[in-house]
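Remarks on the structure that follows.
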Amino acid sequence: MKEVQAITDPYEIFFPNLGWKFHINPTAFTVFGVEIKWYGVIIALGLLLATIYCFPRMKRFGVDADKAVDAVIGGVFGGLIGARIYYVACRWEYYKGDIMAIINTRNGGLAIYGGIIGAVTVGLVICKIKKIKILPMLDIAVIGFLIGQGVGRWGNFVNQEAFGANTDSLFAMTGGTIQNVIAQNASEMSAVSISEKYAVHPCFLYESVWCILGFFVLSFMSKRRKYDGQIFLMYLMWYGLERFIVEGLRTDSLMTGNIRVSQALSIIVFVCSVIVQIIMHSRVKRDPENYVLYASTPEWHRLMERARREKNGISDEDLSEMESNK
């Protein structure tokens with residue numbers, strides 16, 4: 001494995017085998033003296049792109065986009081809060097006693113699994129209140145998750161975090177902040193044979209590419225789904241497999257004893273998803289009439305017709321009068 005040059009500039013990022021160098025300040029701009037970080041900007045961009053993609057396609061899943069707005073907004077806030085709670089809980093020894101550090105997320109510190117749990121929990125509560133069908137909503141939402149995750153991981157690139165063990169692969173990277181973090185945690189890093197003298201795995205890149213690829217795969221499969229909830233299960237399988245593999249490469253895993261929390265959760269999610277999909281495939285094949293997509297049911301079409309009439313200012317009384325005058 002080739003040694004890499006020492007980098008004194010914390011904002012410099014270098015891909016030695018590709019000859020690529022970047023100089024990226026984590027602060028995007030300043031507003032009234034407040035620094036706005038690229039990390040937050042990139043996450044916001046991911047959420048925006050997910051929203052732009054999902055809302056026009058909700059009708060195809062049997063979801064009323066007007067009703068879904070509240071669930072999406074609630075899911076976003078639930079996701080951000082859940083992501084922070086998960087991260088802080090797994091590093092409580094570091095955060096306990098410092099309220100300001102707990103609520104400061106501008107430099108990172110959001111855990112994807114916590115975000116998914118928070119977004120789904122809050123979103124589903126609102127779906128229940130708004131009488132939105134849960135499984136169709138999950139199917140379209142997880143496609144949006146993949147967009148958000150695929151884009152959001154580039155916030156880790158800017159912060160030079162979520163990197164992996166030493167490697168000499170084509171996309172191996174290093175940087176001023178990466179080298180400083182490894183040097184400052186030398187005892188921990190040397191215990192797992194990681195040195196700042198060598199490049200590391202760009203785990204953010206692996207996950208970003210996998211999520212974007214998953215977006216295309218699940219978007220394609222969404223037009224061929226056999227039952228509501230199928231795309232959600234496929235998402236759990238797709239992401240669970242990737243995270244299990246990539247988490248094993250990372251140097252900053254959230255740990256419980258000697259167990260990587262996210263890696264253990266990933267394999268559980270993957271296995272459970274595969275089992276449920278096998279069961280559902282068997283049931284749908286045996287009795288397809290009981291698993292009609294909600295978007296194909298008479299109930300959904302009646303609701304859409306009623307919504308169309310209300311939008312055009314036609315009441316049920318007006319419709320009855322129109323029918324009687326025919």
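The chains in the structure tokens are called A, B, ... from first to last as shown; in each chain the residues are counted from 1, and the ligands are counted from 1 in the order shown.
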Quick one: residues within 12 Å of Ala162 in chain A, only C-alpha atoms, excluding same-chain residues fewer than 2 positions away - as a compact mmCIF listing (two decimals) with N, CA and C atoms, in the first residue's frame?
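What follows is the written file part_20.txt:
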# COMPACT_ATOMS: atom_id res chain seq x y z
N GLY A 108 -22.51 17.94 11.42
CA GLY A 108 -22.76 16.51 11.25
C GLY A 108 -23.35 15.91 12.50
N GLY A 109 -23.36 14.58 12.55
CA GLY A 109 -23.89 13.91 13.72
C GLY A 109 -25.34 13.49 13.58
N LEU A 110 -25.72 13.05 12.37
CA LEU A 110 -27.07 12.52 12.13
C LEU A 110 -26.92 11.07 11.69
N ALA A 111 -27.67 10.19 12.30
CA ALA A 111 -27.60 8.76 11.97
C ALA A 111 -28.76 8.38 11.06
N ILE A 112 -28.45 7.78 9.94
CA ILE A 112 -29.47 7.46 8.93
C ILE A 112 -30.59 6.59 9.50
N ARG A 153 -25.45 12.01 1.45
CA ARG A 153 -24.15 11.46 1.81
C ARG A 153 -22.99 12.36 1.39
N TRP A 154 -23.23 13.25 0.43
CA TRP A 154 -22.14 14.15 0.02
C TRP A 154 -21.85 15.19 1.08
N GLY A 155 -22.75 15.33 2.06
CA GLY A 155 -22.44 16.17 3.21
C GLY A 155 -21.29 15.56 4.01
N ASN A 156 -21.23 14.21 4.06
CA ASN A 156 -20.11 13.54 4.72
C ASN A 156 -18.80 13.78 3.97
N PHE A 157 -18.89 13.88 2.65
CA PHE A 157 -17.70 14.16 1.84
C PHE A 157 -17.13 15.54 2.20
N VAL A 158 -17.99 16.54 2.27
CA VAL A 158 -17.55 17.89 2.61
C VAL A 158 -16.93 17.93 4.00
N ASN A 159 -17.53 17.21 4.94
CA ASN A 159 -17.02 17.20 6.32
C ASN A 159 -15.86 16.23 6.51
N GLN A 160 -15.55 15.44 5.49
CA GLN A 160 -14.49 14.43 5.56
C GLN A 160 -14.74 13.48 6.74
N GLY A 164 -13.65 5.06 5.75
CA GLY A 164 -13.38 3.68 6.13
C GLY A 164 -11.93 3.40 6.44
N ALA A 165 -11.59 2.11 6.43
CA ALA A 165 -10.24 1.67 6.73
C ALA A 165 -9.30 2.00 5.57
N MET A 173 -9.28 7.77 -0.82
CA MET A 173 -9.20 9.21 -0.60
C MET A 173 -8.46 9.51 0.70
N THR A 177 -8.50 16.90 7.17
CA THR A 177 -9.32 16.55 8.33
C THR A 177 -9.26 15.06 8.62
N ILE A 178 -9.28 14.24 7.57
CA ILE A 178 -9.20 12.79 7.75
C ILE A 178 -7.91 12.42 8.47
N VAL A 181 -8.03 13.50 12.15
CA VAL A 181 -8.89 12.65 12.98
C VAL A 181 -8.19 11.34 13.31
N VAL A 200 -7.95 6.09 2.55
CA VAL A 200 -9.03 5.33 3.19
C VAL A 200 -10.19 5.11 2.21
N HIS A 201 -11.07 4.19 2.59
CA HIS A 201 -12.27 3.94 1.79
C HIS A 201 -13.22 5.15 1.86
N PRO A 202 -13.71 5.63 0.71
CA PRO A 202 -14.71 6.71 0.72
C PRO A 202 -16.10 6.12 0.91
N CYS A 203 -16.44 5.77 2.14
CA CYS A 203 -17.71 5.08 2.40
C CYS A 203 -18.91 5.91 1.98
N PHE A 204 -18.79 7.24 2.08
CA PHE A 204 -19.89 8.11 1.66
C PHE A 204 -20.20 7.87 0.18
N LEU A 205 -19.16 7.66 -0.63
CA LEU A 205 -19.34 7.47 -2.07
C LEU A 205 -20.01 6.14 -2.35
N TYR A 206 -19.58 5.09 -1.67
CA TYR A 206 -20.18 3.77 -1.87
C TYR A 206 -21.69 3.83 -1.59
N GLU A 207 -22.03 4.46 -0.45
CA GLU A 207 -23.45 4.51 -0.08
C GLU A 207 -24.25 5.41 -1.02
N SER A 208 -23.66 6.51 -1.42
CA SER A 208 -24.36 7.42 -2.34
C SER A 208 -24.68 6.72 -3.66
N VAL A 246 -20.97 -1.90 3.99
CA VAL A 246 -20.19 -0.66 4.12
C VAL A 246 -19.89 -0.34 5.58
N GLU A 247 -20.82 -0.65 6.47
CA GLU A 247 -20.59 -0.36 7.90
C GLU A 247 -19.37 -1.10 8.42
N GLY A 248 -19.12 -2.28 7.85
CA GLY A 248 -17.96 -3.05 8.26
C GLY A 248 -16.64 -2.41 7.88
N LEU A 249 -16.67 -1.45 6.94
CA LEU A 249 -15.45 -0.76 6.50
C LEU A 249 -15.19 0.51 7.30
N ARG A 250 -16.22 1.05 7.95
CA ARG A 250 -16.11 2.37 8.57
C ARG A 250 -15.30 2.36 9.86
N THR A 251 -14.73 3.53 10.15
CA THR A 251 -13.92 3.68 11.36
C THR A 251 -14.68 4.43 12.46
N ASP A 252 -15.87 4.93 12.14
CA ASP A 252 -16.61 5.75 13.10
C ASP A 252 -17.96 5.13 13.45
N SER A 253 -18.05 3.83 13.38
CA SER A 253 -19.33 3.16 13.65
C SER A 253 -19.80 3.43 15.07
N LEU A 254 -21.12 3.57 15.23
CA LEU A 254 -21.71 3.68 16.55
C LEU A 254 -21.69 2.29 17.17
Problem set entry | Lys21 in chain A environment, 10 Å, only C-alpha atoms, sequence neighbours closer than 3 positions dropped, as a ChimeraX atom specification | /A:12-16,18,24,173-175
Write the selection just made, keeping N, CA and C atoms, as an mmCIF file, in the first residue's frame?
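Produced file result07.cif, reproduced below:
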data_model
loop_
_atom_site.group_PDB
_atom_site.id
_atom_site.type_symbol
_atom_site.label_atom_id
_atom_site.label_comp_id
_atom_site.auth_asym_id
_atom_site.auth_seq_id
_atom_site.Cartn_x
_atom_site.Cartn_y
_atom_site.Cartn_z
ATOM 1 N N GLU A 12 -8.516 20.454 2.429
ATOM 2 C CA GLU A 12 -8.082 19.791 1.192
ATOM 3 C C GLU A 12 -8.472 18.315 1.200
ATOM 4 N N ILE A 13 -9.031 17.854 0.080
ATOM 5 C CA ILE A 13 -9.423 16.458 -0.091
ATOM 6 C C ILE A 13 -8.716 15.926 -1.328
ATOM 7 N N PHE A 14 -8.117 14.755 -1.215
ATOM 8 C CA PHE A 14 -7.263 14.241 -2.288
ATOM 9 C C PHE A 14 -7.603 12.781 -2.591
ATOM 10 N N PHE A 15 -7.791 12.496 -3.889
ATOM 11 C CA PHE A 15 -7.959 11.120 -4.368
ATOM 12 C C PHE A 15 -6.669 10.755 -5.105
ATOM 13 N N PRO A 16 -5.677 10.169 -4.401
ATOM 14 C CA PRO A 16 -4.340 9.975 -4.971
ATOM 15 C C PRO A 16 -4.286 9.122 -6.233
ATOM 16 N N LEU A 18 -6.515 8.829 -8.500
ATOM 17 C CA LEU A 18 -7.194 9.503 -9.606
ATOM 18 C C LEU A 18 -6.570 10.862 -9.910
ATOM 19 N N ILE A 24 -12.472 22.355 -0.124
ATOM 20 C CA ILE A 24 -13.858 22.654 0.209
ATOM 21 C C ILE A 24 -13.974 23.093 1.663
ATOM 22 N N MET A 173 -9.284 7.769 -0.823
ATOM 23 C CA MET A 173 -9.196 9.209 -0.599
ATOM 24 C C MET A 173 -8.460 9.514 0.699
ATOM 25 N N THR A 174 -8.014 10.729 0.818
ATOM 26 C CA THR A 174 -7.462 11.233 2.064
ATOM 27 C C THR A 174 -7.749 12.728 2.112
ATOM 28 N N GLY A 175 -7.386 13.355 3.205
ATOM 29 C CA GLY A 175 -7.646 14.787 3.342
ATOM 30 C C GLY A 175 -7.075 15.297 4.643
#
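By only C-alpha atoms, and with residues fewer than 5 positions from Ala141 in chain A along its chain excluded, the set lying at most 9 Å from it is Ala50, Cys54, Val72, Val120, Pro136, Leu146 and Phe232 of chain A.
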Would you export the selected residues with C-alpha atoms as a CSV table (one decimal), in the first residue's frame, please?
chain,number,residue,atom,x,y,z
A,50,ALA,CA,-37.1,13.8,-3.1
A,54,CYS,CA,-42.5,12.0,-5.2
A,72,VAL,CA,-44.2,14.6,4.5
A,120,VAL,CA,-41.6,6.7,9.4
A,136,PRO,CA,-49.0,2.9,-0.5
A,146,LEU,CA,-33.1,6.9,-1.6
A,232,PHE,CA,-41.0,-0.6,1.1
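All residues of range 65-297 of chain A that DSSP, run on the backbone, classes as strand (DSSP E) are Thr174, Gly175, Met255, Thr256, Ile259 and Arg260 of chain A.
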Now that the selection is made, can you save its residues with N, CA and C atoms as a compact mmCIF listing (two decimals), in the first residue's frame?
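Saved result, result.txt, follows:
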# COMPACT_ATOMS: atom_id res chain seq x y z
N THR A 174 -8.01 10.73 0.82
CA THR A 174 -7.46 11.23 2.06
C THR A 174 -7.75 12.73 2.11
N GLY A 175 -7.39 13.35 3.21
CA GLY A 175 -7.65 14.79 3.34
C GLY A 175 -7.08 15.30 4.64
N MET A 255 -21.11 2.18 18.36
CA MET A 255 -20.86 0.87 18.95
C MET A 255 -21.64 0.65 20.24
N THR A 256 -21.99 -0.62 20.47
CA THR A 256 -22.48 -1.08 21.76
C THR A 256 -21.60 -2.25 22.14
N ILE A 259 -20.08 -4.49 19.31
CA ILE A 259 -21.05 -4.65 18.21
C ILE A 259 -21.27 -3.32 17.51
N ARG A 260 -21.16 -3.33 16.18
CA ARG A 260 -21.49 -2.14 15.39
C ARG A 260 -23.02 -2.08 15.30
Problem set entry | Val284 in chain A environment, 12 Å, only C-alpha atoms, sequence neighbours closer than 5 positions dropped, as a list in words |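 Listing them by chain and then by number gives Arg225, Lys226, Tyr227, Asp228, Gln230, Gln277, Ile278, Ile279, Glu289, Asn290, Tyr291, Val292 and Leu293 of chain A.
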Restricting the output to C-alpha atoms, write the selected residues as a JSON list (two decimals), in the first residue's frame.
[["chain", "number", "residue", "atom", "x", "y", "z"],
["A", 225, "ARG", "CA", -45.44, -4.00, -7.98],
["A", 226, "LYS", "CA", -47.89, -6.75, -7.11],
["A", 227, "TYR", "CA", -49.07, -5.54, -3.70],
["A", 228, "ASP", "CA", -48.97, -2.43, -1.54],
["A", 230, "GLN", "CA", -43.71, -4.32, -1.82],
["A", 277, "GLN", "CA", -41.16, -10.88, 0.69],
["A", 278, "ILE", "CA", -41.02, -14.65, 0.20],
["A", 279, "ILE", "CA", -44.20, -15.04, 2.27],
["A", 289, "GLU", "CA", -57.61, -11.10, -5.86],
["A", 290, "ASN", "CA", -57.01, -10.31, -2.17],
["A", 291, "TYR", "CA", -53.92, -8.22, -2.95],
["A", 292, "VAL", "CA", -55.21, -5.66, -5.44],
["A", 293, "LEU", "CA", -53.25, -2.41, -5.36]]
